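Student: Below is the structure I would like to discuss, written out as structure tokens.
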Amino acid sequence: MSKEALFNVLNNHFSFEGLKILDLFAGTGNISFEFASRGSDNITSVDGDFGCVKFIKQIAEEYDFNIAAIKSDVYKFLEKNKSTYDIIFADPPYAFEQKKFETIVQLIIDQNLLAADGMMIIEHSKYTKLDHMLHFSFKKSYGGSIFSFFEFEKSAGDTEINFDSEEE
């Protein structure tokens with residue numbers, strides 16, 4: 001459900017065809033596959049696990065998705081990469097310490113990896129706070145998961161939208 005909410009937000013900002021996508025901590029590639037199924041045809045998926053990368057390559061080939069799956073430490077990839085992306089999505093392990101999440105955001109900004117009209121989304125737990133970071137735009141909450149959005153032009157202010165529907 002959180003993935004559906006994420007793509008509803010992105011659908012209001014982007015037409016997926018022709019977008020250049022970077023999926024960090026890609027895992028089994030479900031975010032990459034979602035972008036591909038919506039028409040994105042230039043996707044890079046980065047994960048440090050060989051099994052995950054192999055799986056992404058296999059599924060991408062099976063469904064004829066243009067996904068480059070790269071086995072790499074995400075931080076090293078960000079430091080060396082020179083490409084620019086329209087959407088950067090990162091789903092690091094929730095157990096990461098605050099500083100590691102901040103480093104991801106800072107590396108992407110410092111390396112100029114996000115297109116001027118692009119969007120970066122970091123998925124994290126409610127215990128991680130990223131709204132103090134440069135270019136933070138808004139966040140959306142779904143249960144214990146938070147999506148923090150970053151854009152070069154802040155359009156929505158410090159807005160939080162909560163998708164929880166708890167009945168008492």
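Ordering of the structure tokens sets the chain letters (A, B, ...), residue numbers begin anew at 1 in every chain, and ligands are numbered from 1 in the order given.
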For range 70-78 of chain A, please output as a PyMOL selection string all residues within 10 Å (counting only C-alpha atoms; exclusion window: fewer than 2 positions along the same chain).

Tutor: chain A and resi 23-26+44-54+56-57+67-68+80-83+90+92+100+103-104+107-108+110-113

Student: Fewer than 5 positions away in the same chain doesn't count, so skip those; otherwise give me all residues within 12 Å of Leu6 in chain A, counting only C-alpha atoms, as an mmCIF file with N, CA and C atoms, in the first residue's frame.

Tutor:
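Okay, result-v4.cif is ready:
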```
data_model
loop_
_atom_site.group_PDB
_atom_site.id
_atom_site.type_symbol
_atom_site.label_atom_id
_atom_site.label_comp_id
_atom_site.auth_asym_id
_atom_site.auth_seq_id
_atom_site.Cartn_x
_atom_site.Cartn_y
_atom_site.Cartn_z
ATOM 1 N N MET A 1 0.821 -1.194 0.000
ATOM 2 C CA MET A 1 0.000 0.000 0.000
ATOM 3 C C MET A 1 0.866 1.260 0.000
ATOM 4 N N ASN A 11 3.155 10.101 -9.784
ATOM 5 C CA ASN A 11 2.321 10.240 -10.975
ATOM 6 C C ASN A 11 1.790 11.666 -11.137
ATOM 7 N N ASN A 12 1.623 12.380 -10.025
ATOM 8 C CA ASN A 12 1.176 13.777 -10.077
ATOM 9 C C ASN A 12 2.286 14.740 -10.478
ATOM 10 N N HIS A 13 3.529 14.282 -10.417
ATOM 11 C CA HIS A 13 4.674 15.139 -10.743
ATOM 12 C C HIS A 13 5.341 14.790 -12.070
ATOM 13 N N ILE A 31 10.816 -1.688 -6.812
ATOM 14 C CA ILE A 31 10.616 -0.282 -7.208
ATOM 15 C C ILE A 31 11.074 -0.098 -8.657
ATOM 16 N N GLU A 34 8.502 -1.519 -10.897
ATOM 17 C CA GLU A 34 7.322 -0.650 -10.929
ATOM 18 C C GLU A 34 7.538 0.513 -11.899
ATOM 19 N N PHE A 35 8.714 1.132 -11.846
ATOM 20 C CA PHE A 35 9.019 2.205 -12.796
ATOM 21 C C PHE A 35 9.009 1.673 -14.227
ATOM 22 N N PHE A 89 15.507 7.040 -5.925
ATOM 23 C CA PHE A 89 14.792 6.420 -4.816
ATOM 24 C C PHE A 89 15.785 5.609 -4.004
ATOM 25 N N MET A 120 14.156 13.324 -5.318
ATOM 26 C CA MET A 120 14.799 12.246 -4.585
ATOM 27 C C MET A 120 13.847 11.827 -3.466
ATOM 28 N N ILE A 121 13.702 10.524 -3.290
ATOM 29 C CA ILE A 121 12.833 9.992 -2.252
ATOM 30 C C ILE A 121 13.648 9.023 -1.407
ATOM 31 N N ILE A 122 13.627 9.240 -0.100
ATOM 32 C CA ILE A 122 14.298 8.338 0.828
ATOM 33 C C ILE A 122 13.219 7.699 1.699
ATOM 34 N N GLU A 123 13.180 6.367 1.712
ATOM 35 C CA GLU A 123 12.251 5.664 2.585
ATOM 36 C C GLU A 123 12.960 5.350 3.895
ATOM 37 N N LYS A 139 7.169 15.265 3.283
ATOM 38 C CA LYS A 139 7.216 13.845 3.616
ATOM 39 C C LYS A 139 5.807 13.295 3.672
ATOM 40 N N LYS A 140 5.726 12.016 3.427
ATOM 41 C CA LYS A 140 4.455 11.318 3.503
ATOM 42 C C LYS A 140 4.666 10.108 4.396
ATOM 43 N N SER A 141 3.674 9.871 5.216
ATOM 44 C CA SER A 141 3.763 8.818 6.211
ATOM 45 C C SER A 141 2.751 7.729 5.900
ATOM 46 N N TYR A 142 3.201 6.490 6.030
ATOM 47 C CA TYR A 142 2.285 5.356 5.916
ATOM 48 C C TYR A 142 2.676 4.353 6.989
ATOM 49 N N SER A 145 6.368 3.665 8.120
ATOM 50 C CA SER A 145 7.243 4.066 7.015
ATOM 51 C C SER A 145 7.025 5.526 6.644
ATOM 52 N N ILE A 146 8.117 6.187 6.355
ATOM 53 C CA ILE A 146 8.077 7.579 5.919
ATOM 54 C C ILE A 146 8.793 7.670 4.574
ATOM 55 N N PHE A 147 8.221 8.439 3.662
ATOM 56 C CA PHE A 147 8.899 8.804 2.424
ATOM 57 C C PHE A 147 9.244 10.283 2.546
ATOM 58 N N SER A 148 10.534 10.597 2.554
ATOM 59 C CA SER A 148 10.973 11.996 2.555
ATOM 60 C C SER A 148 11.339 12.369 1.126
ATOM 61 N N PHE A 149 10.782 13.482 0.656
ATOM 62 C CA PHE A 149 10.966 13.941 -0.717
ATOM 63 C C PHE A 149 11.883 15.160 -0.726
ATOM 64 N N ILE A 161 1.990 14.359 5.210
ATOM 65 C CA ILE A 161 0.685 13.771 4.937
ATOM 66 C C ILE A 161 0.709 12.370 5.521
ATOM 67 N N PHE A 163 -1.045 8.734 5.929
ATOM 68 C CA PHE A 163 -2.023 7.861 5.293
ATOM 69 C C PHE A 163 -2.634 6.857 6.270
#
```

Student: From the DSSP assignment of the backbone, select every residue of range 47-147 of chain A that is strand (DSSP E or B), and format the answer as a PyMOL selection string.

Tutor: chain A and resi 47+67-71+85-90+114-125+136-142+145-147

Student: Output N, CA, C and O atoms of each residue in that selection to a file, as a tab-separated table (two decimals), in the first residue's frame.

Tutor:
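File produced: out-v1.tsv:
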```
chain	number	residue	atom	x	y	z
A	47	ASP	N	22.62	-2.43	-5.67
A	47	ASP	CA	22.51	-3.16	-4.41
A	47	ASP	C	23.83	-3.87	-4.16
A	47	ASP	O	24.53	-4.25	-5.11
A	67	ILE	N	16.81	-2.26	-17.45
A	67	ILE	CA	17.30	-2.01	-16.09
A	67	ILE	C	18.74	-2.49	-16.01
A	67	ILE	O	19.04	-3.66	-16.28
A	68	ALA	N	19.63	-1.58	-15.65
A	68	ALA	CA	21.02	-1.93	-15.41
A	68	ALA	C	21.16	-2.22	-13.92
A	68	ALA	O	21.02	-1.32	-13.09
A	69	ALA	N	21.40	-3.48	-13.58
A	69	ALA	CA	21.56	-3.87	-12.18
A	69	ALA	C	23.05	-3.91	-11.86
A	69	ALA	O	23.83	-4.59	-12.54
A	70	ILE	N	23.44	-3.17	-10.84
A	70	ILE	CA	24.85	-3.01	-10.49
A	70	ILE	C	25.08	-3.47	-9.06
A	70	ILE	O	24.41	-3.00	-8.13
A	71	LYS	N	26.06	-4.38	-8.90
A	71	LYS	CA	26.44	-4.80	-7.55
A	71	LYS	C	27.51	-3.83	-7.06
A	71	LYS	O	28.60	-3.75	-7.60
A	85	TYR	N	20.02	12.03	-12.67
A	85	TYR	CA	18.79	11.25	-12.70
A	85	TYR	C	17.58	12.14	-12.43
A	85	TYR	O	17.65	13.10	-11.67
A	86	ASP	N	16.45	11.77	-13.05
A	86	ASP	CA	15.20	12.49	-12.83
A	86	ASP	C	14.58	12.12	-11.49
A	86	ASP	O	14.02	12.96	-10.80
A	87	ILE	N	14.66	10.84	-11.15
A	87	ILE	CA	14.14	10.36	-9.87
A	87	ILE	C	15.20	9.44	-9.26
A	87	ILE	O	15.71	8.54	-9.91
A	88	ILE	N	15.50	9.73	-8.00
A	88	ILE	CA	16.39	8.86	-7.22
A	88	ILE	C	15.59	8.36	-6.03
A	88	ILE	O	15.04	9.15	-5.27
A	89	PHE	N	15.51	7.04	-5.92
A	89	PHE	CA	14.79	6.42	-4.82
A	89	PHE	C	15.79	5.61	-4.00
A	89	PHE	O	16.58	4.85	-4.57
A	90	ALA	N	15.76	5.77	-2.68
A	90	ALA	CA	16.64	4.99	-1.81
A	90	ALA	C	15.82	4.39	-0.68
A	90	ALA	O	15.05	5.09	-0.02
A	114	LEU	N	21.09	14.62	-9.00
A	114	LEU	CA	19.66	14.84	-9.22
A	114	LEU	C	19.47	15.96	-10.23
A	114	LEU	O	20.05	17.04	-10.10
A	115	ALA	N	18.65	15.70	-11.25
A	115	ALA	CA	18.34	16.72	-12.26
A	115	ALA	C	17.68	17.92	-11.59
A	115	ALA	O	17.05	17.80	-10.54
A	116	ALA	N	17.81	19.07	-12.20
A	116	ALA	CA	17.29	20.32	-11.63
A	116	ALA	C	15.80	20.23	-11.32
A	116	ALA	O	15.34	20.77	-10.33
A	117	ASP	N	15.05	19.53	-12.16
A	117	ASP	CA	13.60	19.38	-11.92
A	117	ASP	C	13.25	17.99	-11.41
A	117	ASP	O	12.12	17.54	-11.50
A	118	GLY	N	14.26	17.30	-10.87
A	118	GLY	CA	14.07	15.93	-10.40
A	118	GLY	C	13.59	15.85	-8.97
A	118	GLY	O	13.33	16.86	-8.31
A	119	MET	N	13.46	14.61	-8.51
A	119	MET	CA	12.98	14.35	-7.15
A	119	MET	C	13.75	13.17	-6.57
A	119	MET	O	13.95	12.17	-7.25
A	120	MET	N	14.16	13.32	-5.32
A	120	MET	CA	14.80	12.25	-4.58
A	120	MET	C	13.85	11.83	-3.47
A	120	MET	O	13.27	12.69	-2.79
A	121	ILE	N	13.70	10.52	-3.29
A	121	ILE	CA	12.83	9.99	-2.25
A	121	ILE	C	13.65	9.02	-1.41
A	121	ILE	O	14.29	8.12	-1.94
A	122	ILE	N	13.63	9.24	-0.10
A	122	ILE	CA	14.30	8.34	0.83
A	122	ILE	C	13.22	7.70	1.70
A	122	ILE	O	12.43	8.40	2.33
A	123	GLU	N	13.18	6.37	1.71
A	123	GLU	CA	12.25	5.66	2.59
A	123	GLU	C	12.96	5.35	3.89
A	123	GLU	O	14.11	4.92	3.90
A	124	HIS	N	12.27	5.60	5.01
A	124	HIS	CA	12.89	5.38	6.31
A	124	HIS	C	11.80	5.19	7.38
A	124	HIS	O	10.62	5.38	7.11
A	125	SER	N	12.23	4.86	8.56
A	125	SER	CA	11.28	4.68	9.66
A	125	SER	C	10.91	6.03	10.25
A	125	SER	O	11.56	7.05	9.99
A	136	PHE	N	15.02	19.49	1.36
A	136	PHE	CA	13.86	18.72	1.80
A	136	PHE	C	12.61	19.47	1.34
A	136	PHE	O	12.51	20.67	1.47
A	137	SER	N	11.64	18.73	0.80
A	137	SER	CA	10.43	19.36	0.29
A	137	SER	C	9.21	18.98	1.12
A	137	SER	O	8.49	19.84	1.59
A	138	PHE	N	8.96	17.68	1.27
A	138	PHE	CA	7.82	17.23	2.05
A	138	PHE	C	8.02	15.77	2.40
A	138	PHE	O	8.93	15.12	1.91
A	139	LYS	N	7.17	15.26	3.28
A	139	LYS	CA	7.22	13.85	3.62
A	139	LYS	C	5.81	13.29	3.67
A	139	LYS	O	4.84	14.03	3.89
A	140	LYS	N	5.73	12.02	3.43
A	140	LYS	CA	4.46	11.32	3.50
A	140	LYS	C	4.67	10.11	4.40
A	140	LYS	O	5.67	9.44	4.32
A	141	SER	N	3.67	9.87	5.22
A	141	SER	CA	3.76	8.82	6.21
A	141	SER	C	2.75	7.73	5.90
A	141	SER	O	1.61	8.01	5.56
A	142	TYR	N	3.20	6.49	6.03
A	142	TYR	CA	2.28	5.36	5.92
A	142	TYR	C	2.68	4.35	6.99
A	142	TYR	O	3.70	3.67	6.86
A	145	SER	N	6.37	3.67	8.12
A	145	SER	CA	7.24	4.07	7.01
A	145	SER	C	7.03	5.53	6.64
A	145	SER	O	5.89	6.00	6.60
A	146	ILE	N	8.12	6.19	6.35
A	146	ILE	CA	8.08	7.58	5.92
A	146	ILE	C	8.79	7.67	4.57
A	146	ILE	O	9.84	7.07	4.37
A	147	PHE	N	8.22	8.44	3.66
A	147	PHE	CA	8.90	8.80	2.42
A	147	PHE	C	9.24	10.28	2.55
A	147	PHE	O	8.34	11.12	2.65
```

Student: Just the residues within 10 Å of Tyr63 in chain A, please, counting only C-alpha atoms, with nothing from its chain fewer than 3 positions along; format it as a PyMOL selection string.

Tutor: chain A and resi 33+36-37+58-60+66

Student: Kindly save the residues from that selection, with N, CA, C and O atoms included, as an mmCIF file, in the first residue's frame.

Tutor:
```
data_model
loop_
_atom_site.group_PDB
_atom_site.id
_atom_site.type_symbol
_atom_site.label_atom_id
_atom_site.label_comp_id
_atom_site.auth_asym_id
_atom_site.auth_seq_id
_atom_site.Cartn_x
_atom_site.Cartn_y
_atom_site.Cartn_z
ATOM 1 N N PHE A 33 11.127 -2.363 -11.004
ATOM 2 C CA PHE A 33 10.136 -3.022 -11.861
ATOM 3 C C PHE A 33 8.867 -2.179 -11.973
ATOM 4 O O PHE A 33 8.242 -2.133 -13.035
ATOM 5 N N ALA A 36 9.608 0.511 -14.441
ATOM 6 C CA ALA A 36 9.666 -0.074 -15.783
ATOM 7 C C ALA A 36 8.270 -0.391 -16.307
ATOM 8 O O ALA A 36 7.958 -0.127 -17.476
ATOM 9 N N SER A 37 7.419 -0.914 -15.443
ATOM 10 C CA SER A 37 6.069 -1.273 -15.875
ATOM 11 C C SER A 37 5.228 -0.033 -16.189
ATOM 12 O O SER A 37 4.222 -0.119 -16.878
ATOM 13 N N GLN A 58 17.777 -11.055 -14.067
ATOM 14 C CA GLN A 58 16.972 -12.147 -14.614
ATOM 15 C C GLN A 58 15.560 -11.676 -14.957
ATOM 16 O O GLN A 58 15.051 -11.935 -16.058
ATOM 17 N N ILE A 59 14.914 -10.991 -14.035
ATOM 18 C CA ILE A 59 13.543 -10.517 -14.264
ATOM 19 C C ILE A 59 13.522 -9.442 -15.351
ATOM 20 O O ILE A 59 12.622 -9.428 -16.205
ATOM 21 N N ALA A 60 14.505 -8.555 -15.343
ATOM 22 C CA ALA A 60 14.571 -7.505 -16.366
ATOM 23 C C ALA A 60 14.689 -8.124 -17.760
ATOM 24 O O ALA A 60 14.030 -7.679 -18.705
ATOM 25 N N ASN A 66 14.532 -2.308 -19.476
ATOM 26 C CA ASN A 66 15.861 -1.718 -19.593
ATOM 27 C C ASN A 66 16.325 -1.285 -18.194
ATOM 28 O O ASN A 66 16.221 -0.123 -17.829
#
```

Student: Just checking: using only C-alpha atoms, which residue out of A:Glu61, A:Ser15, A:Phe152, A:Glu102 ends up closest to Met133 in chain A?

Tutor: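 Nearest to Met133 in chain A: A:Glu102.
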
Student: Run DSSP on the backbone and give me the residues of chain A it puts in helix (DSSP H, G or I), as a PyMOL selection string.

Tutor: chain A and resi 2-13+30-37+50-62+74-80+98-110

Student: Using CA of Ile21 in chain A and CA of Asn42 in chain A as the two end points, give the distance in Å to one decimal.

Tutor: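 According to the coordinates, CA of Ile21 in chain A and CA of Asn42 in chain A are separated by 6.3 Å.
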
Student: With distances taken over only C-alpha atoms, which residue among A:Ser32, A:Glu62, A:Phe55, A:Lys126 lies nearest Phe7 in chain A?

Tutor: A:Ser32
